[in-house]
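Visitor: Sharing work-v2.txt (compact mmCIF, C-alpha atoms) below.
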# COMPACT_ATOMS: atom_id res chain seq x y z
CA MET Y 1021 0.00 0.00 0.00
CA SER Y 1022 1.38 3.36 -1.02
CA THR Y 1023 1.46 6.31 1.37
CA MET Y 1024 2.61 9.90 1.12
CA GLN Y 1025 3.88 12.16 3.87
CA GLN Y 1026 2.11 15.46 4.31
CA VAL Y 1027 2.84 18.40 6.57
CA ILE Y 1028 -0.56 19.17 8.10
CA PHE Y 1029 -1.21 22.83 8.89
CA LYS Y 1030 -4.20 24.89 9.91
CA LEU Y 1031 -5.72 28.07 8.55
CA ASP Y 1032 -8.80 29.04 10.54
CA LYS Y 1033 -10.54 25.77 11.35
CA GLU Y 1034 -9.50 23.88 8.21
CA GLU Y 1035 -6.63 21.44 7.94
CA TYR Y 1036 -4.44 21.46 4.85
CA GLY Y 1037 -1.75 19.07 3.72
CA LEU Y 1038 1.43 19.92 1.89
CA ASP Y 1039 3.77 17.33 0.34
CA ILE Y 1040 6.72 16.99 2.72
CA MET Y 1041 9.09 16.70 -0.27
CA LYS Y 1042 8.35 20.37 -1.03
CA VAL Y 1043 9.08 21.53 2.53
CA ILE Y 1044 12.60 22.67 3.44
CA THR Y 1045 11.94 23.69 7.03
CA ILE Y 1046 9.24 24.87 9.42
CA GLU Y 1047 10.18 27.99 11.34
CA LYS Y 1048 8.71 29.87 14.27
CA TYR Y 1049 7.06 33.05 13.10
CA GLN Y 1050 9.42 36.00 13.00
CA GLU Y 1051 8.81 39.63 12.22
CA VAL Y 1052 8.39 40.17 8.49
CA VAL Y 1053 9.90 43.25 6.83
CA LYS Y 1054 7.23 44.87 4.66
CA THR Y 1055 8.20 45.52 1.06
CA PRO Y 1056 6.64 48.39 -0.90
CA ASN Y 1057 4.73 47.94 -4.15
CA THR Y 1058 4.08 44.22 -3.78
CA PRO Y 1059 0.75 42.39 -4.05
CA GLU Y 1060 -1.17 42.19 -0.76
CA TYR Y 1061 -0.62 38.46 -0.29
CA ILE Y 1062 3.17 38.98 -0.23
CA THR Y 1063 3.60 39.90 3.42
CA GLY Y 1064 7.25 40.90 2.98
CA ILE Y 1065 10.64 39.31 3.50
CA ILE Y 1066 12.57 37.62 6.30
CA ASN Y 1067 16.25 36.89 6.80
CA LEU Y 1068 16.52 33.16 7.27
CA ARG Y 1069 20.06 32.11 8.15
CA GLY Y 1070 21.53 34.69 5.78
CA SER Y 1071 19.05 34.18 2.92
CA VAL Y 1072 16.42 36.75 2.06
CA LEU Y 1073 13.14 34.95 1.68
CA PRO Y 1074 9.81 36.31 0.37
CA VAL Y 1075 6.95 35.51 2.75
CA TYR Y 1076 3.46 34.82 1.50
CA SER Y 1077 0.14 34.98 3.36
CA LEU Y 1078 -1.98 31.92 2.63
CA ARG Y 1079 -4.81 33.56 4.61
CA LYS Y 1080 -4.92 36.43 2.12
CA LYS Y 1081 -4.55 34.09 -0.83
CA PHE Y 1082 -7.45 31.95 0.42
CA HIS Y 1083 -9.56 35.05 1.20
CA LEU Y 1084 -9.59 34.43 4.95
CA LYS Y 1085 -9.67 37.19 7.55
CA GLU Y 1086 -6.19 38.25 8.69
CA LYS Y 1087 -5.19 37.29 12.21
CA GLU Y 1088 -2.38 38.49 14.41
CA PRO Y 1089 0.53 36.02 14.66
CA ASP Y 1090 0.67 34.14 17.97
CA GLU Y 1091 2.91 31.49 19.53
CA ASN Y 1092 1.43 28.84 17.19
CA THR Y 1093 2.04 30.80 13.98
CA LYS Y 1094 4.64 29.16 11.76
CA ILE Y 1095 6.39 29.88 8.48
CA ILE Y 1096 6.61 26.82 6.24
CA VAL Y 1097 9.61 27.28 3.95
CA THR Y 1098 9.15 25.51 0.63
CA VAL Y 1099 10.66 25.31 -2.80
CA THR Y 1100 7.99 26.09 -5.32
CA ASN Y 1101 8.80 26.43 -9.00
CA GLY Y 1102 12.49 26.69 -8.19
CA MET Y 1103 12.06 29.52 -5.65
CA LYS Y 1104 12.39 29.40 -1.87
CA ILE Y 1105 9.28 30.93 -0.34
CA GLY Y 1106 7.91 31.10 3.20
CA PHE Y 1107 4.19 30.57 3.77
CA ILE Y 1108 2.62 31.90 6.98
CA VAL Y 1109 0.17 29.43 8.54
CA ASP Y 1110 -1.81 29.53 11.79
CA SER Y 1111 -0.17 26.38 13.10
CA VAL Y 1112 1.53 23.19 12.00
CA GLN Y 1113 -0.27 20.17 13.41
CA GLU Y 1114 1.85 17.16 12.48
CA ILE Y 1115 3.52 15.16 9.76
CA LEU Y 1116 1.11 12.52 8.59
CA ASN Y 1117 1.43 9.43 6.43
CA ILE Y 1118 -1.67 9.34 4.26
CA GLU Y 1119 -2.59 6.13 2.47
CA ASP Y 1120 -3.58 6.38 -1.17
CA LYS Y 1121 -6.89 4.66 -0.45
CA SER Y 1122 -8.01 7.52 1.82
CA ILE Y 1123 -7.46 10.15 -0.88
CA GLU Y 1124 -10.34 11.25 -3.06
CA GLU Y 1125 -10.81 13.70 -5.87
CA ALA Y 1126 -11.89 17.08 -4.50
CA PRO Y 1127 -15.65 17.50 -5.00
CA LYS Y 1128 -16.62 20.05 -7.64
CA ILE Y 1129 -18.33 22.11 -4.96
CA VAL Y 1130 -14.99 22.80 -3.25
CA THR Y 1131 -14.41 26.16 -4.88
CA GLY Y 1132 -14.04 28.38 -1.80
CA ILE Y 1133 -10.30 28.62 -2.29
CA ASN Y 1134 -9.59 28.69 -5.96
CA ARG Y 1135 -10.00 25.00 -6.79
CA LYS Y 1136 -6.88 24.69 -8.94
CA TYR Y 1137 -4.63 24.58 -5.84
CA ILE Y 1138 -6.56 21.68 -4.39
CA LYS Y 1139 -5.08 18.36 -5.43
CA SER Y 1140 -7.42 16.13 -3.47
CA ILE Y 1141 -9.07 15.49 -0.12
CA ALA Y 1142 -7.76 12.97 2.41
CA LYS Y 1143 -10.49 11.37 4.51
CA MET Y 1144 -9.34 9.70 7.71
CA LYS Y 1145 -11.81 8.63 10.39
CA GLU Y 1146 -13.30 11.85 11.73
CA ARG Y 1147 -11.15 14.29 9.80
CA MET Y 1148 -10.73 15.66 6.34
CA VAL Y 1149 -7.53 17.27 5.12
CA ILE Y 1150 -7.42 19.42 1.98
CA LEU Y 1151 -4.28 18.47 0.06
CA ILE Y 1152 -2.87 21.44 -1.81
CA ASP Y 1153 -0.38 21.70 -4.64
CA ILE Y 1154 2.09 24.38 -3.57
CA ASP Y 1155 3.35 24.82 -7.14
CA LEU Y 1156 -0.13 25.88 -8.29
CA ILE Y 1157 -0.76 28.33 -5.44
CA ILE Y 1158 1.56 30.88 -6.93
CA SER Y 1159 0.61 32.05 -10.42
CA GLU Y 1160 3.26 32.91 -13.01
CA GLU Y 1161 2.52 36.59 -12.47
CA GLU Y 1162 3.06 36.19 -8.71
CA GLN Y 1163 6.30 34.29 -9.33
CA LEU Y 1164 7.60 37.27 -11.29
CA GLU Y 1165 6.61 39.60 -8.41
CA LEU Y 1166 8.30 37.33 -5.86
CA GLY Y 1167 11.39 37.17 -8.05
CA LYS Y 1168 11.50 40.98 -8.07
CA VAL Y 1169 11.11 41.12 -4.27
CA SER Y 1170 14.03 38.71 -3.85
CA LYS Y 1171 16.23 40.54 -6.36
CA GLU Y 1172 15.60 43.97 -4.84
CA GLN Y 1173 16.84 42.71 -1.49
CA GLU Y 1174 20.13 41.24 -2.75
Would it be possible to restate this file's structure as structure tokens?

Guide:
Amino acid sequence: MSTMQQVIFKLDKEEYGLDIMKVITIEKYQEVVKTPNTPEYITGIINLRGSVLPVYSLRKKFHLKEKEPDENTKIIVTVTNGMKIGFIVDSVQEILNIEDKSIEEAPKIVTGINRKYIKSIAKMKERMVILIDIDLIISEEEQLELGKVSKEQE
């Protein structure tokens, strides 16, 4: 039986899964330096062990109400489309092995967060986890913006 490891994180009350192979590290939230003239979902940049990293708000991207960072807030650092990017999430729950048999196609009605990011839904006992494709979250236009943000800081 085939399984895949997912980093499970929360935004609001929903649980999302991200392929662990895309995750470089999970960091405690740190103050983000705002950058001018960037789209609203780009929160700013952080200095992570000497590297300047653009930081992205998944809450804004998913049209959720902003919330102040707290002790549970994390930054999931990923490589998406060849770029290192930090994603701010409310909390990271766990790393979970999900069996293929518990994964289903996302129902057509799941359009609250632009459906193209949603790979599938994992159903396990009493919980459902929305599995997202990190490479599809950031559009080509956004990648260009993020590239500019990174370049300006070098």

Visitor: What's the 10 Å shell around Y:Glu1125, counting only C-alpha atoms, without same-chain residues fewer than 6 positions away, as a list of chain:residue names?

Guide: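 The neighbour list is Y:Ile1138, Y:Lys1139, Y:Ser1140, Y:Ile1141, Y:Ala1142.
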
Visitor: Those residues with C-alpha atoms, as a tab-separated table (two decimals), keeping the file's coordinate frame please?

Guide:
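Dumped everything to out.tsv:
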chain	number	residue	atom	x	y	z
Y	1138	ILE	CA	-6.56	21.68	-4.39
Y	1139	LYS	CA	-5.08	18.36	-5.43
Y	1140	SER	CA	-7.42	16.13	-3.47
Y	1141	ILE	CA	-9.07	15.49	-0.12
Y	1142	ALA	CA	-7.76	12.97	2.41

Visitor: May I ask for the distance between atom CA of Y:Gln1026 and atom CA of Y:Asn1117, given in Å to one decimal place?

Guide: 6.4 Å

Visitor: For a test of reading the model, state the distance in Å between atom CA of Y:Leu1151 and atom CA of Y:Ser1071, rounded to one decimal.

Guide: 28.3 Å

Visitor: Could you tell me which of Y:Glu1035, Y:Leu1156, Y:Ser1022, Y:Phe1029 comes closest to Y:Asn1101 if we count all atoms listed in the file?

Guide: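 For Y:Asn1101, the nearest of the candidates is Y:Leu1156.
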
Visitor: Given all atoms listed in the file as the basis, pick out the residue of Y:Arg1069, Y:Arg1147, Y:Lys1136, Y:Lys1048 nearest to Y:Glu1091.

Guide: Y:Lys1048

Visitor: Quick one: distance from atom CA of Y:Asn1067 to atom CA of Y:Ile1028 in Å, one decimal?

Guide: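 Distance reported for this atom pair: 24.5 Å.
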
Visitor: Counting only C-alpha atoms, which residue out of Y:Tyr1061, Y:Lys1094, Y:Thr1055, Y:Glu1162 sits closest to Y:Phe1082?

Guide: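 The shortest atom-to-atom distance to Y:Phe1082 comes from Y:Tyr1061.
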
Visitor: List as number ranges by chain the protein and nucleic acid residues near Y:Thr1045, meaning an atom at most 9 Å away when all atoms listed in the file are counted, but skip any in the same chain fewer than 2 places from it.

Guide: Y: 1043, 1047, 1095-1098

Visitor: Find, counting all atoms listed in the file, the residue in Y:Val1053, Y:Ala1126, Y:Met1103, Y:Ile1044 that gets nearest to Y:Asp1155.

Guide: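 Smallest separation from Y:Asp1155 among the options: Y:Met1103.
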
Visitor: Taking (12.7, 35.0, 7.4) in the file's own coordinates, collect the residues within 8 Å, counting only C-alpha atoms, and hand them back as a list of chain:residue names.

Guide: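 Residues satisfying the cut-off, written out: Y:Gln1050, Y:Glu1051, Y:Val1052, Y:Ile1065, Y:Ile1066, Y:Asn1067, Y:Leu1068, Y:Arg1069, Y:Ser1071, Y:Val1072, Y:Leu1073, Y:Pro1074, Y:Val1075, Y:Gly1106.
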
Visitor: Produce a file of the selected residues containing C-alpha atoms, as a PDB file, keeping the file's coordinate frame.

Guide:
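So the final result, stored in result_28.pdb, reads:
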ATOM      1  CA  GLN Y1050       9.420  36.000  13.000  1.00  0.00           C
ATOM      2  CA  GLU Y1051       8.810  39.630  12.220  1.00  0.00           C
ATOM      3  CA  VAL Y1052       8.390  40.170   8.490  1.00  0.00           C
ATOM      4  CA  ILE Y1065      10.640  39.310   3.500  1.00  0.00           C
ATOM      5  CA  ILE Y1066      12.570  37.620   6.300  1.00  0.00           C
ATOM      6  CA  ASN Y1067      16.250  36.890   6.800  1.00  0.00           C
ATOM      7  CA  LEU Y1068      16.520  33.160   7.270  1.00  0.00           C
ATOM      8  CA  ARG Y1069      20.060  32.110   8.150  1.00  0.00           C
ATOM      9  CA  SER Y1071      19.050  34.180   2.920  1.00  0.00           C
ATOM     10  CA  VAL Y1072      16.420  36.750   2.060  1.00  0.00           C
ATOM     11  CA  LEU Y1073      13.140  34.950   1.680  1.00  0.00           C
ATOM     12  CA  PRO Y1074       9.810  36.310   0.370  1.00  0.00           C
ATOM     13  CA  VAL Y1075       6.950  35.510   2.750  1.00  0.00           C
ATOM     14  CA  GLY Y1106       7.910  31.100   3.200  1.00  0.00           C
TER      15      GLY Y1106
END

Visitor: Name the closest residue to Y:Ile1150 among the candidates Y:Pro1056, Y:Pro1089, Y:Pro1127, Y:Gly1064; distances are taken between atoms, counting all atoms listed in the file.

Guide: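 Result for the nearest residue to Y:Ile1150: Y:Pro1127.
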
Visitor: Write out as a VMD selection string which residues come within 8 Å of Y:Thr1023 when counting all atoms listed in the file, dropping same-chain ones fewer than 6 positions away.

Guide: chain Y and resid 1117 to 1120

Visitor: Please identify all polymer residues within 9 Å of Y:Leu1078, counting all atoms listed in the file, omitting same-chain residues fewer than 2 positions from it, and present them as a ChimeraX atom specification.

Guide: /Y:1031,1061,1076,1080-1084,1107-1109,1157

Visitor: Now that the selection is made, can you save its residues with C-alpha atoms as a PDB file, in the frame of the given file?

Guide:
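Heads up, here's the output in result-v4.pdb:
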ATOM      1  CA  LEU Y1031      -5.720  28.070   8.550  1.00  0.00           C
ATOM      2  CA  TYR Y1061      -0.620  38.460  -0.290  1.00  0.00           C
ATOM      3  CA  TYR Y1076       3.460  34.820   1.500  1.00  0.00           C
ATOM      4  CA  LYS Y1080      -4.920  36.430   2.120  1.00  0.00           C
ATOM      5  CA  LYS Y1081      -4.550  34.090  -0.830  1.00  0.00           C
ATOM      6  CA  PHE Y1082      -7.450  31.950   0.420  1.00  0.00           C
ATOM      7  CA  HIS Y1083      -9.560  35.050   1.200  1.00  0.00           C
ATOM      8  CA  LEU Y1084      -9.590  34.430   4.950  1.00  0.00           C
ATOM      9  CA  PHE Y1107       4.190  30.570   3.770  1.00  0.00           C
ATOM     10  CA  ILE Y1108       2.620  31.900   6.980  1.00  0.00           C
ATOM     11  CA  VAL Y1109       0.170  29.430   8.540  1.00  0.00           C
ATOM     12  CA  ILE Y1157      -0.760  28.330  -5.440  1.00  0.00           C
TER      13      ILE Y1157
END

Visitor: Taking all atoms listed in the file into account, which of Y:Asp1153, Y:Asp1090, Y:Glu1060, Y:Glu1034 comes nearest Y:Ser1077?

Guide: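 For Y:Ser1077, the nearest of the candidates is Y:Glu1060.
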